[in-house]
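Peer 1: File input.txt below, compact mmCIF, C-alpha atoms:
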```txt
# COMPACT_ATOMS: atom_id res chain seq x y z
CA ASP W 193 81.43 22.87 10.14
CA ASP W 194 80.64 22.69 13.80
CA ASP W 195 78.33 25.61 13.36
CA ASP W 196 76.64 23.87 10.46
CA ASP W 197 76.23 20.73 12.50
CA ASP W 198 74.73 22.73 15.34
CA ASP W 199 72.30 24.41 13.00
CA GLY W 200 71.35 21.08 11.53
CA SER W 201 70.84 19.55 14.90
CA ASP W 202 68.75 22.50 15.98
CA GLY W 203 66.67 22.12 12.83
CA ASN W 204 66.28 18.47 13.44
CA ASP W 205 65.29 19.16 17.02
CA GLY W 206 62.72 21.67 15.83
CA ARG W 207 61.33 19.21 13.34
CA GLU W 208 61.20 16.51 15.94
CA SER W 209 59.42 18.83 18.38
CA ASN W 210 56.96 19.89 15.70
CA SER W 211 56.34 16.30 14.66
CA LYS W 212 55.93 15.40 18.31
CA ASP W 213 53.41 18.19 18.78
CA LEU W 214 51.53 17.08 15.71
CA SER W 215 51.56 13.48 16.86
CA ASP W 216 50.38 14.55 20.28
CA ARG W 217 47.57 16.57 18.73
CA LYS W 218 46.72 13.71 16.41
CA GLY W 219 46.77 11.29 19.29
CA HIS W 220 44.64 13.65 21.34
CA ARG W 221 42.21 13.94 18.44
CA ASN W 222 42.14 10.19 18.02
CA LYS W 223 41.60 9.86 21.70
CA MET W 224 38.69 12.30 21.59
CA THR W 225 37.12 10.58 18.61
CA SER W 226 37.55 7.21 20.24
CA GLU W 227 35.99 8.53 23.42
CA GLY W 228 33.21 10.10 21.39
CA ARG W 229 32.63 6.82 19.67
CA ARG W 230 32.63 5.03 22.94
CA ARG W 231 30.03 7.44 24.21
CA THR W 232 27.75 7.26 21.18
CA ILE W 233 27.87 3.54 20.57
CA PRO W 234 25.91 2.63 23.72
CA LYS W 235 23.28 5.22 22.78
CA LYS W 236 22.84 3.67 19.36
CA ARG W 237 22.68 0.24 20.87
CA LYS W 238 20.15 1.47 23.38
CA GLU W 239 17.99 2.95 20.62
CA GLN W 240 18.21 -0.29 18.67
CA ARG W 241 17.24 -2.26 21.72
CA SER W 242 14.29 0.03 22.40
CA ASN W 243 13.17 -0.33 18.77
CA ASP W 244 13.46 -4.09 19.06
CA ASN W 245 11.31 -4.03 22.16
CA ASN W 246 8.63 -1.88 20.46
CA ILE W 247 8.12 -4.20 17.52
CA ALA W 248 5.04 -5.80 19.09
CA THR W 249 3.33 -2.48 19.91
CA TYR W 250 0.22 -1.29 18.06
CA ARG W 251 -1.22 2.11 17.25
CA VAL W 252 -4.92 2.90 16.88
CA VAL W 253 -5.72 5.19 13.95
CA THR W 254 -9.16 6.76 13.50
CA ARG W 255 -10.09 7.40 9.89
CA LEU W 256 -13.05 9.35 8.56
CA ARG W 257 -14.51 8.13 5.30
CA VAL W 258 -16.26 10.85 3.32
CA GLU W 259 -18.64 9.98 0.52
CA THR W 260 -20.07 12.57 -1.85
CA PHE W 261 -23.17 12.10 -3.95
CA VAL W 262 -25.57 14.23 -5.93
CA ALA W 263 -29.00 14.83 -4.40
CA GLU W 264 -31.77 15.80 -6.76
CA ILE W 265 -33.73 18.93 -5.91
CA SER W 266 -37.47 19.29 -6.40
CA GLU W 267 -39.73 22.29 -6.10
CA ARG W 268 -42.82 20.20 -5.43
CA ARG W 269 -43.69 18.69 -2.07
CA GLU W 270 -45.42 15.75 -3.67
CA ASP W 271 -42.06 14.55 -4.98
CA ILE W 272 -40.72 14.54 -1.42
CA TYR W 273 -43.77 12.67 -0.15
CA SER W 274 -43.62 10.07 -2.88
CA THR W 275 -39.90 9.34 -2.45
CA SER W 276 -39.65 9.44 1.35
CA ASP W 277 -38.36 6.41 3.23
CA PRO W 278 -40.23 5.82 6.53
CA ASN W 279 -37.28 4.00 8.09
CA VAL W 280 -34.92 6.88 7.40
CA VAL W 281 -37.47 9.47 8.58
CA VAL W 282 -38.03 7.67 11.89
CA THR W 283 -34.29 7.17 12.36
CA HIS W 284 -33.75 10.91 11.94
CA LEU W 285 -36.53 11.58 14.45
CA LEU W 286 -34.99 9.07 16.85
CA HIS W 287 -31.61 10.81 16.78
CA GLN W 288 -33.22 14.18 17.36
CA ALA W 289 -35.33 12.80 20.20
CA LEU W 290 -32.32 11.20 21.89
CA ASP W 291 -30.31 14.41 21.63
CA GLU W 292 -33.19 16.42 23.07
CA ALA W 293 -33.71 13.88 25.86
CA ARG W 294 -30.01 13.99 26.73
CA ILE W 295 -30.09 17.78 27.00
CA LEU W 296 -33.28 17.84 29.08
CA LEU W 297 -32.13 15.05 31.40
CA SER W 298 -28.84 16.81 32.08
CA SER W 299 -30.55 20.10 32.94
CA SER W 300 -33.58 18.75 34.84
CA THR W 301 -33.91 16.72 38.01
CA SER W 302 -37.08 14.93 36.92
CA SER W 303 -36.56 12.35 34.19
CA SER W 304 -40.27 11.69 33.70
CA SER W 305 -41.11 15.31 32.87
CA SER W 306 -38.14 15.57 30.50
CA LEU W 307 -39.12 12.47 28.58
CA LYS W 308 -42.74 13.63 28.41
CA ASP W 309 -41.53 16.85 26.82
CA VAL W 310 -39.75 14.82 24.16
CA GLN W 311 -42.93 12.82 23.54
CA ASP W 312 -44.89 16.05 23.13
CA LEU W 313 -42.35 17.28 20.59
CA LEU W 314 -42.79 14.11 18.54
CA ARG W 315 -46.60 14.45 18.63
CA SER W 316 -46.32 18.08 17.53
CA TRP W 317 -44.03 17.08 14.66
CA LEU W 318 -46.51 14.46 13.48
CA VAL W 319 -49.41 16.93 13.66
CA ASP W 320 -47.44 19.49 11.65
CA LEU W 321 -46.64 16.86 9.04
CA LEU W 322 -50.30 15.88 8.70
CA VAL W 323 -51.38 19.52 8.41
CA CYS W 324 -48.80 20.29 5.71
CA TYR W 325 -49.66 17.13 3.84
CA ASN W 326 -53.41 17.80 3.84
CA LEU W 327 -52.95 21.43 2.86
CA GLU W 328 -50.79 20.36 -0.06
CA TYR W 329 -53.23 17.65 -1.06
CA HIS W 330 -56.28 19.95 -0.95
CA HIS W 331 -54.36 22.69 -2.73
CA ARG W 332 -53.56 20.31 -5.56
CA GLY W 333 -57.22 19.25 -5.63
CA ASP W 334 -58.39 22.84 -5.84
CA GLU W 335 -55.99 23.59 -8.70
CA ARG W 336 -57.23 20.59 -10.66
CA LYS W 337 -60.86 21.59 -10.12
CA GLU W 338 -60.12 25.15 -11.20
CA LYS W 339 -58.39 23.97 -14.36
CA GLY W 340 -61.37 21.72 -15.14
CA ARG W 341 -63.83 24.59 -14.75
CA ARG W 342 -61.77 26.81 -17.02
CA ARG W 343 -61.68 24.12 -19.69
CA GLU W 344 -65.46 23.77 -19.49
CA GLY W 345 -65.84 27.52 -19.93
CA GLY W 346 -67.28 28.27 -16.52
CA GLY W 347 -66.15 31.04 -14.24
CA ARG W 348 -64.56 30.70 -10.88
CA ARG W 349 -66.95 29.55 -8.19
CA ARG W 350 -67.47 31.66 -5.15
CA ASP W 351 -66.22 30.69 -1.75
CA HIS W 352 -69.68 30.07 -0.30
CA ASP W 353 -70.57 27.88 -3.29
CA ASP W 354 -67.35 25.89 -2.86
CA ALA W 355 -67.83 25.30 0.87
CA GLU W 356 -67.73 21.55 0.56
CA GLN W 357 -66.62 19.36 3.40
CA ARG W 358 -63.01 18.32 3.04
CA GLU W 359 -61.88 15.00 4.36
CA ILE W 360 -58.71 15.00 6.43
CA ASP W 361 -56.32 12.22 5.53
CA VAL W 362 -54.49 11.03 8.66
CA TYR W 363 -53.20 7.80 7.14
CA PHE W 364 -51.41 9.22 4.07
CA ALA W 365 -53.68 7.17 1.83
CA LYS W 366 -52.57 9.05 -1.30
CA GLU W 367 -48.87 8.40 -0.66
CA GLY W 368 -48.10 4.76 -0.03
CA GLN W 369 -44.54 5.49 1.06
CA MET W 370 -45.69 7.49 4.09
CA LYS W 371 -48.37 5.20 5.49
CA ALA W 372 -45.99 3.67 8.03
CA ILE W 373 -44.77 6.99 9.46
CA PRO W 374 -47.62 7.61 12.00
CA ARG W 375 -47.40 4.03 13.23
CA LEU W 376 -43.64 4.20 13.67
CA VAL W 377 -43.76 7.59 15.39
CA PHE W 378 -46.28 6.32 17.94
CA ALA W 379 -44.14 3.22 18.42
CA LEU W 380 -41.20 5.52 19.21
CA ILE W 381 -43.30 7.52 21.67
CA LYS W 382 -44.49 4.40 23.46
CA SER W 383 -41.10 2.68 23.45
CA SER W 384 -38.88 2.20 26.49
CA LEU W 385 -36.51 4.81 25.11
CA LEU W 386 -38.82 7.65 26.11
CA ARG W 387 -40.67 6.17 29.11
CA ALA W 388 -39.26 6.78 32.56
CA ASP W 389 -41.57 4.42 34.49
CA GLU W 390 -40.35 1.18 32.91
CA LEU W 391 -36.56 1.19 33.09
CA PRO W 392 -33.94 2.58 35.48
CA SER W 393 -31.73 5.37 34.25
CA ASP W 394 -28.71 3.13 33.57
CA ALA W 395 -30.70 0.70 31.42
CA ARG W 396 -32.29 3.59 29.52
CA ALA W 397 -28.85 5.15 28.89
CA HIS W 398 -27.69 1.79 27.53
CA LEU W 399 -30.68 1.66 25.17
CA HIS W 400 -30.00 5.22 24.00
CA SER W 401 -26.40 4.43 23.11
CA LEU W 402 -27.44 1.14 21.48
CA TYR W 403 -30.15 2.64 19.24
CA ALA W 404 -27.96 5.61 18.32
CA ALA W 405 -25.48 3.23 16.62
CA MET W 406 -28.02 1.05 14.78
CA ASP W 407 -28.99 1.28 11.13
CA PRO W 408 -32.55 2.31 10.10
CA ASP W 409 -33.80 -1.21 9.37
CA HIS W 410 -32.79 -2.55 12.77
CA ILE W 411 -34.16 0.52 14.52
CA VAL W 412 -37.58 0.03 12.94
CA GLN W 413 -37.43 -3.68 13.74
CA GLY W 414 -36.75 -2.85 17.38
CA LEU W 415 -39.47 -0.19 17.61
CA TYR W 416 -42.17 -2.01 15.67
CA PRO W 417 -41.29 -5.72 15.30
CA ASN W 418 -42.67 -7.59 12.33
CA LEU W 419 -44.13 -10.82 13.72
CA SER W 420 -45.08 -12.34 10.37
```
Show me the file's structure as structure tokens.
Peer 2:
Amino acid sequence: DDDDDDDGSDGNDGRESNSKDLSDRKGHRNKMTSEGRRRTIPKKRKEQRSNDNNIATYRVVTRLRVETFVAEISERREDIYSTSDPNVVVTHLLHQALDEARILLSSSTSSSSSLKDVQDLLRSWLVDLLVCYNLEYHHRGDERKEKGRRREGGGRRRDHDDAEQREIDVYFAKEGQMKAIPRLVFALIKSSLLRADELPSDARAHLHSLYAAMDPDHIVQGLYPNLS
């Protein structure tokens, strides 16, 4: 019986030691979790505080709006002449002139010579437009005359017989939509945007940035004001 009591006491001691070890481990684990919680709670509070402080902040977002539309295509130049918008044409020329002036001014030391080069480019563009327009107009006239002769039963006239004097149209009299283009182009050439003797460089740079952001109607109003 004494032996049995000793064995039982030893078993109880082993159980108590095992339970003590488990309780120690459990307490150690609880201690670690409590310490971990203690360490993480301030971080969460700090993040919440930082979020509370950033409530009044703003963020600038740049969005690009893309619009698609169908553009009709024509094989005849007269359709382009008859549907052209002078304000849009001059606005496109203005943007090209400002880009060219910016490039020439950055690469040249003389602002007057650079702006004169841009003026010459605009004059050349207007001359090319007038030449193409007159060639198209006379070509259409010749085709109509040739069709009329064929209907009448006559042959084709020789070149020396058809050497009539052709009038050059410099005002786009046949196309009412384009009558304002020469006037607006010369207004752009004579404007303060492309003249170096009127404004200092800072004022001219301000005008360039201002006109580059304007719509066609306001650009034309600034280049060629309507006083009526």
Peer 1: So, with only C-alpha atoms as the atoms that count, which of W:Gln311, W:Thr283, W:Ala263, W:His331 lies closest to Met406 (chain W)?
Peer 2: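 Going through W:Gln311, W:Thr283, W:Ala263, W:His331 one by one, the smallest distance to Met406 (chain W) is for W:Thr283.
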Peer 1: Could you state the separation of CA of His330 (chain W) and CA of Glu264 (chain W) in Å, given to one decimal place?
Peer 2: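 CA of Glu264 (chain W) lies at a distance of 25.5 Å from CA of His330 (chain W).
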Peer 1: Please, what distance in Å, to one decimal, runs between CA of Val377 (chain W) and CA of Ser298 (chain W)?
Peer 2: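 Computed distance, CA of Val377 (chain W) to CA of Ser298 (chain W), equals 24.2 Å.
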Peer 1: Pick out the closest residue to Leu297 (chain W) from this set: W:Ala388, W:Ile272, W:Ala365, W:Val281. Count all atoms listed in the file.
Peer 2: W:Ala388
Peer 1: Select, from W:Asp394, W:His400, W:Val282, W:Asp271, the residue with the minimum atom-to-atom distance to Leu318 (chain W), counting all atoms listed in the file.
Peer 2: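 That would be W:Val282, the residue with the smallest distance to Leu318 (chain W).
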Peer 1: With distances taken over all atoms listed in the file, which residue among W:Thr249, W:Ser305, W:Ser274, W:Asn279 lies nearest Arg375 (chain W)?
Peer 2: W:Asn279
Peer 1: Work out how far apart CA of Val252 (chain W) and CA of Leu399 (chain W) are and give it in Å to one decimal.
Peer 2: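 Interatomic distance here is 27.1 Å.
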Peer 1: Kindly compute an axis-aligned box around the listed atoms of region 396-408 of chain W, allowing 3 Å on each side, and express its centre and edge lengths in Å to one decimal as JSON.
Peer 2:
```
{"center_x": -29.0, "center_y": 3.3, "center_z": 19.8, "size_x": 13.1, "size_y": 10.6, "size_z": 25.4}
```
Peer 1: Counting all atoms listed in the file, figure out which residue out of W:Leu386, W:Leu419, W:Thr275, W:Val262 gets nearest to Asp309 (chain W).
Peer 2: W:Leu386
